[in-house]
$ cat structure_5.txt   # compact mmCIF, C-alpha atoms
# COMPACT_ATOMS: atom_id res chain seq x y z
CA MET A 1 47.71 -0.95 -29.88
CA LYS A 2 46.27 -4.35 -30.77
CA ASN A 3 44.90 -4.75 -27.24
CA VAL A 4 43.23 -1.34 -27.46
CA LYS A 5 41.59 -2.31 -30.74
CA LYS A 6 40.34 -5.60 -29.26
CA GLU A 7 38.91 -3.83 -26.21
CA ALA A 8 37.06 -1.39 -28.49
CA ILE A 9 35.33 -4.17 -30.45
CA LEU A 10 32.75 -5.08 -27.79
CA PRO A 11 31.58 -1.50 -27.03
CA ALA A 12 31.41 -0.76 -30.77
CA ALA A 13 29.39 -3.94 -31.35
CA LEU A 14 26.98 -3.01 -28.54
CA VAL A 15 26.49 0.47 -30.02
CA LEU A 16 25.79 -1.05 -33.42
CA VAL A 17 23.26 -3.48 -31.90
CA LEU A 18 21.63 -0.58 -30.05
CA PHE A 19 21.11 1.47 -33.20
CA VAL A 20 19.87 -1.54 -35.17
CA GLY A 21 17.45 -2.28 -32.34
CA LEU A 22 16.19 1.32 -32.35
CA PHE A 23 15.82 1.22 -36.13
CA VAL A 24 13.69 -1.95 -35.86
CA LEU A 25 11.65 -0.56 -32.95
CA GLU A 26 10.62 2.48 -34.96
CA ARG A 27 9.14 0.19 -37.59
CA VAL A 28 7.41 -2.21 -35.19
CA VAL A 29 6.17 -0.10 -32.28
CA PRO A 30 3.61 2.72 -32.86
CA ALA A 31 5.16 6.19 -32.91
CA SER A 32 2.79 7.32 -30.13
CA SER A 33 4.18 4.72 -27.69
CA ILE A 34 5.45 6.01 -24.34
CA LEU A 35 8.57 3.92 -25.00
CA PHE A 36 9.81 6.48 -27.53
CA VAL A 37 9.19 9.32 -25.07
CA VAL A 38 11.39 7.52 -22.54
CA LEU A 39 14.10 6.77 -25.10
CA LYS A 40 14.24 10.31 -26.52
CA LYS A 41 14.18 12.07 -23.16
CA GLY A 42 16.60 9.49 -21.76
CA ALA A 43 19.15 10.16 -24.50
CA ILE A 44 18.95 13.92 -23.91
CA TYR A 45 19.23 13.66 -20.13
CA ALA A 46 22.05 11.11 -20.43
CA LEU A 47 24.11 13.74 -22.25
CA VAL A 48 23.50 16.50 -19.71
CA ALA A 49 24.11 14.07 -16.82
CA ALA A 50 27.42 13.03 -18.40
CA SER A 51 28.38 16.69 -18.82
CA MET A 52 27.56 17.37 -15.16
CA ASN A 53 29.55 14.30 -14.09
CA LEU A 54 32.55 15.58 -16.03
CA LEU A 55 32.48 18.68 -13.84
CA ASN A 56 31.26 17.36 -10.48
CA GLY A 57 32.54 13.80 -10.58
CA PHE A 58 35.84 14.03 -12.44
CA THR A 59 37.00 17.58 -11.65
CA GLY A 60 35.46 17.94 -8.21
CA LEU A 61 33.70 21.25 -8.95
CA PHE A 62 30.27 21.41 -7.33
CA SER A 63 28.31 23.36 -9.94
CA LEU A 64 24.53 23.79 -10.06
CA GLY A 65 24.24 25.87 -13.21
CA GLN A 66 23.35 23.11 -15.66
CA ALA A 67 19.76 24.25 -16.19
CA GLY A 68 21.00 27.72 -17.08
CA PHE A 69 23.36 26.42 -19.75
CA MET A 70 20.61 24.16 -21.12
CA LEU A 71 18.39 27.23 -21.28
CA ILE A 72 20.99 29.13 -23.31
CA GLY A 73 21.36 26.19 -25.68
CA ALA A 74 17.62 25.73 -26.09
CA TYR A 75 16.99 29.40 -26.84
CA THR A 76 19.97 29.69 -29.17
CA TYR A 77 18.75 26.74 -31.20
CA ALA A 78 15.13 27.92 -31.32
CA ILE A 79 15.95 31.55 -32.17
CA PHE A 80 18.17 30.65 -35.12
CA THR A 81 16.03 27.87 -36.64
CA ILE A 82 12.56 29.42 -36.70
CA PRO A 83 11.67 29.81 -40.40
CA VAL A 84 11.66 33.42 -41.58
CA GLU A 85 8.02 33.21 -42.69
CA MET A 86 6.98 32.01 -39.21
CA LYS A 87 8.82 34.70 -37.25
CA PRO A 88 5.95 37.26 -37.42
CA VAL A 89 3.61 34.62 -35.99
CA VAL A 90 5.98 33.56 -33.19
CA TYR A 91 7.11 37.12 -32.36
CA GLN A 92 3.59 38.50 -32.50
CA TYR A 93 4.26 41.06 -29.74
CA TYR A 94 7.68 42.17 -31.00
CA ASP A 95 9.50 43.07 -34.20
CA HIS A 96 11.85 40.12 -34.57
CA ALA A 97 15.53 41.07 -34.77
CA ILE A 98 16.91 37.87 -36.35
CA GLY A 99 15.98 37.88 -40.02
CA PHE A 100 17.65 34.65 -41.14
CA THR A 101 17.59 30.92 -40.38
CA LEU A 102 20.48 28.51 -39.79
CA PRO A 103 20.61 24.79 -40.70
CA VAL A 104 19.81 22.46 -37.79
CA PRO A 105 23.36 21.02 -37.35
CA VAL A 106 24.86 24.52 -37.33
CA ALA A 107 22.27 25.74 -34.82
CA ILE A 108 22.93 22.78 -32.49
CA LEU A 109 26.67 23.48 -32.60
CA LEU A 110 26.00 27.18 -32.03
CA ALA A 111 23.84 26.29 -29.03
CA GLY A 112 26.79 24.51 -27.44
CA LEU A 113 29.18 27.32 -28.29
CA ALA A 114 26.85 29.97 -26.83
CA ALA A 115 26.59 28.05 -23.56
CA ALA A 116 30.37 27.55 -23.51
CA ALA A 117 30.98 31.28 -24.13
CA PHE A 118 28.78 32.24 -21.18
CA ALA A 119 30.51 29.62 -19.03
CA ALA A 120 33.95 30.94 -19.96
CA LEU A 121 32.89 34.45 -18.92
CA ILE A 122 31.27 33.60 -15.60
CA GLY A 123 33.99 31.06 -14.87
CA LEU A 124 36.53 33.86 -14.50
CA PRO A 125 35.10 35.04 -11.16
CA VAL A 126 33.14 32.03 -9.84
CA LEU A 127 35.82 29.36 -10.29
CA LYS A 128 37.87 31.10 -7.61
CA LEU A 129 35.20 29.90 -5.19
CA LYS A 130 35.05 26.40 -3.75
CA SER A 131 32.50 23.84 -2.60
CA ASP A 132 29.12 25.25 -1.54
CA TYR A 133 30.05 28.79 -2.53
CA LEU A 134 30.65 27.70 -6.12
CA ALA A 135 27.34 25.82 -6.12
CA ILE A 136 25.46 28.90 -4.89
CA ALA A 137 27.18 31.17 -7.44
CA THR A 138 26.40 28.90 -10.40
CA LEU A 139 22.83 28.35 -9.20
CA GLY A 140 22.44 32.12 -8.97
CA PHE A 141 23.73 32.47 -12.53
CA ALA A 142 21.11 30.02 -13.79
CA GLU A 143 18.34 32.04 -12.13
CA ILE A 144 19.74 35.33 -13.45
CA ILE A 145 19.96 34.10 -17.05
CA ARG A 146 16.37 32.84 -16.82
CA ALA A 147 15.23 36.30 -15.68
CA VAL A 148 17.33 38.10 -18.31
CA ILE A 149 15.90 36.01 -21.17
CA GLN A 150 12.38 36.96 -20.08
CA TYR A 151 13.33 40.68 -19.94
CA GLU A 152 10.93 42.59 -22.16
CA LYS A 153 13.63 44.72 -23.78
CA LEU A 154 15.12 41.54 -25.25
CA GLY A 155 11.75 40.53 -26.68
CA PRO A 156 12.78 41.02 -30.35
CA ILE A 157 15.38 38.28 -29.81
CA THR A 158 14.06 36.01 -27.04
CA ASN A 159 10.32 36.75 -27.38
CA GLY A 160 10.29 37.86 -23.75
CA SER A 161 8.25 35.62 -21.46
CA ASN A 162 6.40 34.13 -24.43
CA MET A 163 7.30 30.74 -25.80
CA LEU A 164 9.30 30.03 -28.93
CA LYS A 165 7.87 27.48 -31.36
CA SER A 166 7.62 26.44 -35.03
CA TYR A 167 11.29 25.46 -35.23
CA PRO A 168 12.53 22.09 -36.63
CA LYS A 169 12.11 19.03 -34.40
CA PHE A 170 13.26 15.43 -34.67
CA ASN A 171 10.88 12.60 -35.44
CA SER A 172 13.27 9.68 -35.26
CA VAL A 173 14.64 8.39 -31.95
CA LEU A 174 17.93 7.76 -33.78
CA PHE A 175 18.68 11.48 -33.96
CA PRO A 176 19.00 12.26 -30.22
CA PHE A 177 20.81 8.95 -29.67
CA ALA A 178 23.31 9.75 -32.42
CA VAL A 179 24.02 13.29 -31.19
CA ALA A 180 24.17 12.28 -27.53
CA GLY A 181 26.28 9.21 -28.38
CA VAL A 182 28.90 11.24 -30.25
CA CYS A 183 29.06 13.83 -27.46
CA ILE A 184 29.36 11.23 -24.69
CA ALA A 185 32.09 9.46 -26.69
CA VAL A 186 34.01 12.76 -26.85
CA ILE A 187 33.58 13.19 -23.08
CA LEU A 188 34.98 9.68 -22.50
CA LEU A 189 37.94 10.38 -24.77
CA LEU A 190 38.61 13.60 -22.87
CA ILE A 191 38.44 11.83 -19.50
CA ASN A 192 40.95 9.22 -20.67
CA SER A 193 43.34 11.86 -22.05
CA SER A 194 46.06 13.80 -20.24
CA TYR A 195 43.51 16.56 -19.58
CA GLY A 196 41.22 14.05 -17.93
CA ARG A 197 44.04 12.88 -15.68
CA ALA A 198 44.67 16.51 -14.72
CA PHE A 199 40.96 16.92 -13.88
CA LYS A 200 41.08 13.85 -11.63
CA ALA A 201 44.25 15.11 -9.96
CA ILE A 202 42.50 18.39 -9.13
CA ARG A 203 39.53 16.45 -7.75
CA ASP A 204 41.71 14.25 -5.55
CA ASP A 205 44.09 16.89 -4.18
CA GLU A 206 44.47 20.41 -5.53
CA ILE A 207 47.71 21.09 -3.65
CA ALA A 208 49.35 17.91 -4.96
CA ALA A 209 48.06 18.60 -8.49
CA GLU A 210 49.53 22.10 -8.44
CA ALA A 211 52.82 20.77 -7.12
CA MET A 212 52.93 18.39 -10.10
CA GLY A 213 52.62 21.34 -12.49
CA VAL A 214 48.87 21.31 -13.16
CA ASN A 215 47.52 24.81 -13.79
CA LEU A 216 44.47 24.73 -11.50
CA PHE A 217 42.50 27.65 -12.90
CA LYS A 218 43.20 26.75 -16.53
CA HIS A 219 41.96 23.19 -16.11
CA LYS A 220 38.97 24.20 -13.99
CA GLU A 221 37.98 26.76 -16.62
CA MET A 222 38.43 24.14 -19.33
CA ALA A 223 36.27 21.56 -17.53
CA PHE A 224 33.61 24.18 -16.78
CA THR A 225 33.48 25.40 -20.38
CA ILE A 226 33.45 21.92 -21.95
CA SER A 227 30.75 20.71 -19.55
CA SER A 228 28.63 23.76 -20.41
CA PHE A 229 29.16 23.19 -24.14
CA PHE A 230 27.58 19.74 -23.93
CA ALA A 231 24.85 21.05 -21.61
CA GLY A 232 24.02 23.62 -24.31
CA ILE A 233 23.76 20.88 -26.94
CA SER A 234 21.47 18.88 -24.66
CA GLY A 235 19.36 22.04 -24.24
CA ALA A 236 18.99 22.27 -28.02
CA LEU A 237 17.92 18.61 -28.15
CA LEU A 238 15.44 19.20 -25.33
CA ALA A 239 13.95 22.11 -27.27
CA MET A 240 13.49 19.83 -30.27
CA PHE A 241 11.92 17.16 -28.06
CA GLN A 242 9.47 19.52 -26.34
CA SER A 243 8.42 21.39 -29.52
CA THR A 244 8.30 24.68 -27.58
CA VAL A 245 10.76 26.60 -25.41
CA GLN A 246 9.91 28.83 -22.48
CA ALA A 247 12.39 30.12 -19.92
CA SER A 248 10.06 29.50 -16.99
CA ALA A 249 10.46 25.72 -17.47
CA PHE A 250 14.23 25.77 -16.81
CA LYS A 251 14.04 26.07 -13.03
CA SER A 252 16.58 25.03 -10.43
CA SER A 253 14.57 21.83 -9.91
CA MET A 254 15.82 20.70 -13.35
CA THR A 255 19.43 20.95 -12.13
CA TYR A 256 18.56 19.02 -8.96
CA GLU A 257 16.97 16.34 -11.11
CA ILE A 258 20.16 16.00 -13.17
CA LEU A 259 22.32 15.97 -10.03
CA LEU A 260 20.14 13.21 -8.59
CA ILE A 261 20.68 11.13 -11.74
CA VAL A 262 24.46 11.59 -11.40
CA VAL A 263 24.35 10.51 -7.75
CA ILE A 264 22.20 7.45 -8.50
CA GLY A 265 24.47 6.39 -11.37
CA GLY A 266 27.67 7.03 -9.47
CA ILE A 267 29.75 10.18 -9.17
CA GLY A 268 32.71 9.60 -11.43
CA SER A 269 31.07 7.12 -13.82
CA ILE A 270 29.80 8.19 -17.24
CA SER A 271 28.22 4.80 -17.95
CA GLY A 272 26.57 4.97 -14.52
CA SER A 273 25.03 8.32 -15.44
CA CYS A 274 23.65 6.88 -18.68
CA ILE A 275 22.16 3.81 -16.96
CA ALA A 276 20.66 5.91 -14.15
CA THR A 277 19.17 8.36 -16.65
CA PHE A 278 17.11 5.74 -18.47
CA LEU A 279 16.01 4.13 -15.19
CA TYR A 280 15.03 7.52 -13.78
CA VAL A 281 13.12 8.62 -16.88
CA ALA A 282 11.41 5.22 -17.27
CA CYS A 283 10.24 5.27 -13.64
CA SER A 284 9.05 8.87 -13.66
CA GLU A 285 7.45 8.84 -17.11
CA TRP A 286 6.27 5.25 -17.53
CA TRP A 287 6.61 2.46 -14.97
CA LEU A 288 5.06 4.28 -12.00
CA ARG A 289 2.32 6.07 -13.95
CA PHE A 290 -0.32 3.56 -12.78
CA LEU A 291 0.04 4.93 -9.24
CA ASP A 292 -1.62 8.16 -10.37
CA THR A 293 -4.76 6.31 -11.48
CA GLU A 294 -7.63 5.65 -9.07
CA LEU A 295 -8.53 1.95 -8.88
CA TYR A 296 -11.72 0.39 -7.50
CA PHE A 297 -12.74 -3.12 -6.49
CA GLY A 298 -16.49 -2.78 -6.74
CA SER A 299 -17.29 0.27 -4.63
CA PHE A 300 -14.02 0.05 -2.65
CA GLN A 301 -11.27 2.44 -3.69
CA ILE A 302 -7.68 1.29 -3.22
CA PRO A 303 -6.11 3.75 -0.74
CA PHE A 304 -3.50 6.27 -1.86
CA LEU A 305 -3.79 5.53 -5.61
CA ARG A 306 -4.58 8.97 -6.97
CA SER A 307 -2.96 11.83 -8.85
CA GLY A 308 0.45 12.69 -7.39
CA PHE A 309 1.02 9.42 -5.49
CA ARG A 310 3.51 8.36 -8.16
CA MET A 311 5.94 11.06 -7.10
CA VAL A 312 5.62 10.06 -3.43
CA VAL A 313 6.61 6.46 -4.20
CA PHE A 314 9.30 7.67 -6.59
CA SER A 315 10.79 9.86 -3.85
CA VAL A 316 10.84 6.92 -1.40
CA VAL A 317 12.62 4.73 -3.97
CA ILE A 318 15.23 7.47 -4.51
CA MET A 319 15.75 7.86 -0.75
CA ILE A 320 16.35 4.10 -0.44
CA MET A 321 18.87 4.26 -3.29
CA VAL A 322 20.75 7.17 -1.72
CA LEU A 323 20.76 5.60 1.77
CA PHE A 324 21.78 2.05 0.88
CA TYR A 325 23.68 2.56 -2.39
CA ARG A 326 25.64 5.68 -1.54
CA ARG A 327 28.18 5.13 -4.29
CA GLY A 328 25.40 4.70 -6.85
CA ILE A 329 24.86 1.95 -9.37
CA MET A 330 28.38 1.99 -10.81
CA GLY A 331 30.33 3.85 -8.15
CA ASP A 332 33.33 5.36 -9.92
CA ARG A 333 33.70 2.47 -12.37
CA GLU A 334 32.78 2.20 -16.04
CA LEU A 335 31.32 -0.64 -18.04
CA PHE A 336 34.01 -3.10 -19.24
CA GLN A 337 36.48 -1.64 -16.73
CA LYS A 338 36.53 -4.82 -14.64
CA ARG A 339 37.16 -6.82 -17.78
CA ARG A 340 40.11 -4.60 -18.72
CA GLU A 341 41.58 -4.76 -15.21
CA LYS A 342 41.24 -8.54 -15.19
CA LYS A 343 43.13 -8.77 -18.49
CA LYS A 344 45.89 -6.49 -17.18
CA GLY A 345 46.22 -8.68 -14.08
CA GLU A 346 46.52 -11.81 -16.20
CA VAL A 347 49.22 -10.17 -18.37
CA GLN A 348 51.21 -9.07 -15.31
CA GLN A 349 51.06 -12.59 -13.86
$ encode --input "structure_5.txt" --output "structure tokens"
Amino acid sequence: MKNVKKEAILPAALVLVLFVGLFVLERVVPASSILFVVLKKGAIYALVAASMNLLNGFTGLFSLGQAGFMLIGAYTYAIFTIPVEMKPVVYQYYDHAIGFTLPVPVAILLAGLAAAAFAALIGLPVLKLKSDYLAIATLGFAEIIRAVIQYEKLGPITNGSNMLKSYPKFNSVLFPFAVAGVCIAVILLLINSSYGRAFKAIRDDEIAAEAMGVNLFKHKEMAFTISSFFAGISGALLAMFQSTVQASAFKSSMTYEILLIVVIGGIGSISGSCIATFLYVACSEWWLRFLDTELYFGSFQIPFLRSGFRMVVFSVVIMIMVLFYRRGIMGDRELFQKRREKKKGEVQQ
């Protein structure tokens, strides 16, 4: 017990330093700085990447429905937090059906629960599938839910194909970091519990796991539902970050983006997903932005530097990462894991 407490001191100290640093940054750096865009979006995507890694990396279920669960979470949050007096303005083409407003924390929790409920329902048939078939089924679900939300008959609830807006947003970068941090901590606790060991057993060998008494469907359904719960919460945070929600933005490309982050960070590493998320967001939103700007030396224009070239270079960088760092930044290891293993080795000696 004492060793566990000692090992928890360094991560806790780093988290404390992180939040103090963010607190200071907000009072030193202008609020309009691109740095805060990267930090806010990075925190949100770190959570959804961790939730996807729980399913793909630790349970071995190849699911591509993350964007759909984020969509459910985003819409649930927006629908239940729009102020009553603003509903006639937002639902200008429909008679709004929800005549009350929920507090922000309750709405965020409800967003996760709504996504988890949908996951539990669709998990009953699709989790009997494996590998590519499961991926296709979950990807199809994400596309179906996007079409259903835009269905005109549901306009009084979802506002049809029109955007939702005027709901509460966060101004401080501390908010998404706090919510994402708590959720990721819960994911880590789950992975290190007996349920997490059952998930890993299923990933490694389903037949052996079943022979050891692991209920395959029960644990797959549990991993699928929990992963979707956190994806729904990240969808709510994304809605707050973007200020508006529209179903057309939650395309399959969003899921591929999250999957790419998981691969870059390391399949089976939560800390790898978090590191890769901030690197990915910083590159796409900040560091490579100059490549989209035309530059001239006198009358000579530097070749290639123009709108869209940033994504070309970004794609090449990603291809290099995937080709030469196939296990990702962290592989299947976590931060401080080497330190713990070294201590265990010293004790055994």
$ residues_around --input "structure_5.txt" --residues "segment 45-55 of chain A" --least-positions-apart "5" --cutoff "7 Å" --atoms "all atoms listed in the file" --output "number ranges by chain"
A: 60-61, 180, 184, 223-224, 227, 230-231, 234, 258, 261-262, 267-268, 270, 273-274, 277
$ atom_distance --input "structure_5.txt" --atom1 "atom CA of Val126 of chain A" --atom2 "atom CA of Phe217 of chain A"
10.8 Å
$ atom_distance --input "structure_5.txt" --atom1 "atom CA of Glu221 of chain A" --atom2 "atom CA of Glu143 of chain A"
20.8 Å
$ residues_around --input "structure_5.txt" --residues "Leu121 of chain A" --least-positions-apart "6" --cutoff "12 Å" --atoms "all atoms listed in the file" --output "NGL selection string"
:A and (114-115 or 127 or 141 or 221-222 or 224-225 or 228)
$ atom_distance --input "structure_5.txt" --atom1 "atom CA of Gly308 of chain A" --atom2 "atom CA of Val281 of chain A"
16.3 Å
$ closest_residue --input "structure_5.txt" --among "A:Asp95, A:Phe250, A:Glu285, A:Val214" --to "Ser33 of chain A" --atoms "all atoms listed in the file"
A:Glu285
$ residues_around --input "structure_5.txt" --residues "Arg289 of chain A" --least-positions-apart "5" --cutoff "8 Å" --atoms "all atoms listed in the file" --output "number ranges by chain"
A: 283-284, 310
$ closest_residue --input "structure_5.txt" --among "A:Phe314, A:Ala247, A:Leu113, A:Ala178" --to "Ser161 of chain A" --atoms "all atoms listed in the file"
A:Ala247
$ residues_around --input "structure_5.txt" --residues "Tyr77 of chain A" --least-positions-apart "3" --cutoff "9 Å" --atoms "all atoms listed in the file" --output "NGL selection string"
:A and (72-74 or 80-82 or 102 or 104 or 106-111 or 167 or 233 or 235-237 or 239-240)
$ closest_residue --input "structure_5.txt" --among "A:Lys220, A:Arg27, A:Lys40, A:His96" --to "Leu124 of chain A" --atoms "all atoms listed in the file"
A:Lys220
$ closest_residue --input "structure_5.txt" --among "A:Gly42, A:Pro30, A:Gly99, A:Gly160" --to "Phe278 of chain A" --atoms "all atoms listed in the file"
A:Gly42
$ closest_residue --input "structure_5.txt" --among "A:Phe58, A:Leu35, A:Phe290, A:Ala249" --to "Met163 of chain A" --atoms "only C-alpha atoms"
A:Ala249
$ residues_near_point --input "structure_5.txt" --point "(44.0, 21.6, -8.8)" --cutoff "12 Å" --atoms "all atoms listed in the file" --output "PyMOL selection string"
chain A and resi 58-61+127-128+130+195+197-221+223
$ closest_residue --input "structure_5.txt" --among "A:Ser131, A:Ile44, A:Pro168, A:Ser63" --to "Thr101 of chain A" --atoms "all atoms listed in the file"
A:Pro168
$ residues_around --input "structure_5.txt" --residues "Ala97 of chain A" --least-positions-apart "2" --cutoff "10 Å" --atoms "only C-alpha atoms" --output "PDB file with C-alpha atoms, keeping the file's coordinate frame"
ATOM      1  CA  ILE A  79      15.950  31.550 -32.170  1.00  0.00           C
ATOM      2  CA  LYS A  87       8.820  34.700 -37.250  1.00  0.00           C
ATOM      3  CA  TYR A  91       7.110  37.120 -32.360  1.00  0.00           C
ATOM      4  CA  TYR A  94       7.680  42.170 -31.000  1.00  0.00           C
ATOM      5  CA  ASP A  95       9.500  43.070 -34.200  1.00  0.00           C
ATOM      6  CA  GLY A  99      15.980  37.880 -40.020  1.00  0.00           C
ATOM      7  CA  PHE A 100      17.650  34.650 -41.140  1.00  0.00           C
ATOM      8  CA  LEU A 154      15.120  41.540 -25.250  1.00  0.00           C
ATOM      9  CA  GLY A 155      11.750  40.530 -26.680  1.00  0.00           C
ATOM     10  CA  PRO A 156      12.780  41.020 -30.350  1.00  0.00           C
ATOM     11  CA  ILE A 157      15.380  38.280 -29.810  1.00  0.00           C
ATOM     12  CA  THR A 158      14.060  36.010 -27.040  1.00  0.00           C
TER      13      THR A 158
END
$ build_atoms --input "structure_5.txt" --residues "segment 212-225 of chain A" --atoms "N, CA, C and O atoms" --output "CSV table (one decimal), in the frame of the given file"
chain,number,residue,atom,x,y,z
A,212,MET,N,52.5,19.2,-8.9
A,212,MET,CA,52.9,18.4,-10.1
A,212,MET,C,52.9,19.2,-11.4
A,212,MET,O,53.2,18.7,-12.5
A,213,GLY,N,52.6,20.5,-11.3
A,213,GLY,CA,52.6,21.3,-12.5
A,213,GLY,C,51.3,21.6,-13.2
A,213,GLY,O,51.2,22.1,-14.3
A,214,VAL,N,50.2,21.1,-12.6
A,214,VAL,CA,48.9,21.3,-13.2
A,214,VAL,C,48.4,22.7,-12.9
A,214,VAL,O,48.4,23.2,-11.7
A,215,ASN,N,48.1,23.5,-13.9
A,215,ASN,CA,47.5,24.8,-13.8
A,215,ASN,C,46.1,24.7,-13.3
A,215,ASN,O,45.2,24.4,-14.1
A,216,LEU,N,45.8,25.0,-12.1
A,216,LEU,CA,44.5,24.7,-11.5
A,216,LEU,C,43.4,25.5,-12.2
A,216,LEU,O,42.4,25.0,-12.6
A,217,PHE,N,43.6,26.8,-12.3
A,217,PHE,CA,42.5,27.6,-12.9
A,217,PHE,C,42.3,27.3,-14.4
A,217,PHE,O,41.1,27.2,-14.8
A,218,LYS,N,43.3,27.1,-15.1
A,218,LYS,CA,43.2,26.8,-16.5
A,218,LYS,C,42.4,25.5,-16.7
A,218,LYS,O,41.5,25.4,-17.6
A,219,HIS,N,42.7,24.5,-15.9
A,219,HIS,CA,42.0,23.2,-16.1
A,219,HIS,C,40.5,23.3,-15.6
A,219,HIS,O,39.6,22.6,-16.1
A,220,LYS,N,40.3,24.0,-14.5
A,220,LYS,CA,39.0,24.2,-14.0
A,220,LYS,C,38.1,24.9,-15.0
A,220,LYS,O,37.0,24.6,-15.3
A,221,GLU,N,38.7,26.0,-15.6
A,221,GLU,CA,38.0,26.8,-16.6
A,221,GLU,C,37.7,25.9,-17.8
A,221,GLU,O,36.6,26.0,-18.4
A,222,MET,N,38.6,25.0,-18.2
A,222,MET,CA,38.4,24.1,-19.3
A,222,MET,C,37.3,23.1,-19.1
A,222,MET,O,36.4,23.0,-19.9
A,223,ALA,N,37.3,22.5,-17.9
A,223,ALA,CA,36.3,21.6,-17.5
A,223,ALA,C,34.9,22.2,-17.5
A,223,ALA,O,33.9,21.7,-18.0
A,224,PHE,N,34.9,23.4,-16.9
A,224,PHE,CA,33.6,24.2,-16.8
A,224,PHE,C,33.0,24.5,-18.1
A,224,PHE,O,31.9,24.4,-18.4
A,225,THR,N,33.9,25.0,-19.0
A,225,THR,CA,33.5,25.4,-20.4
A,225,THR,C,33.0,24.2,-21.2
A,225,THR,O,32.0,24.3,-21.9
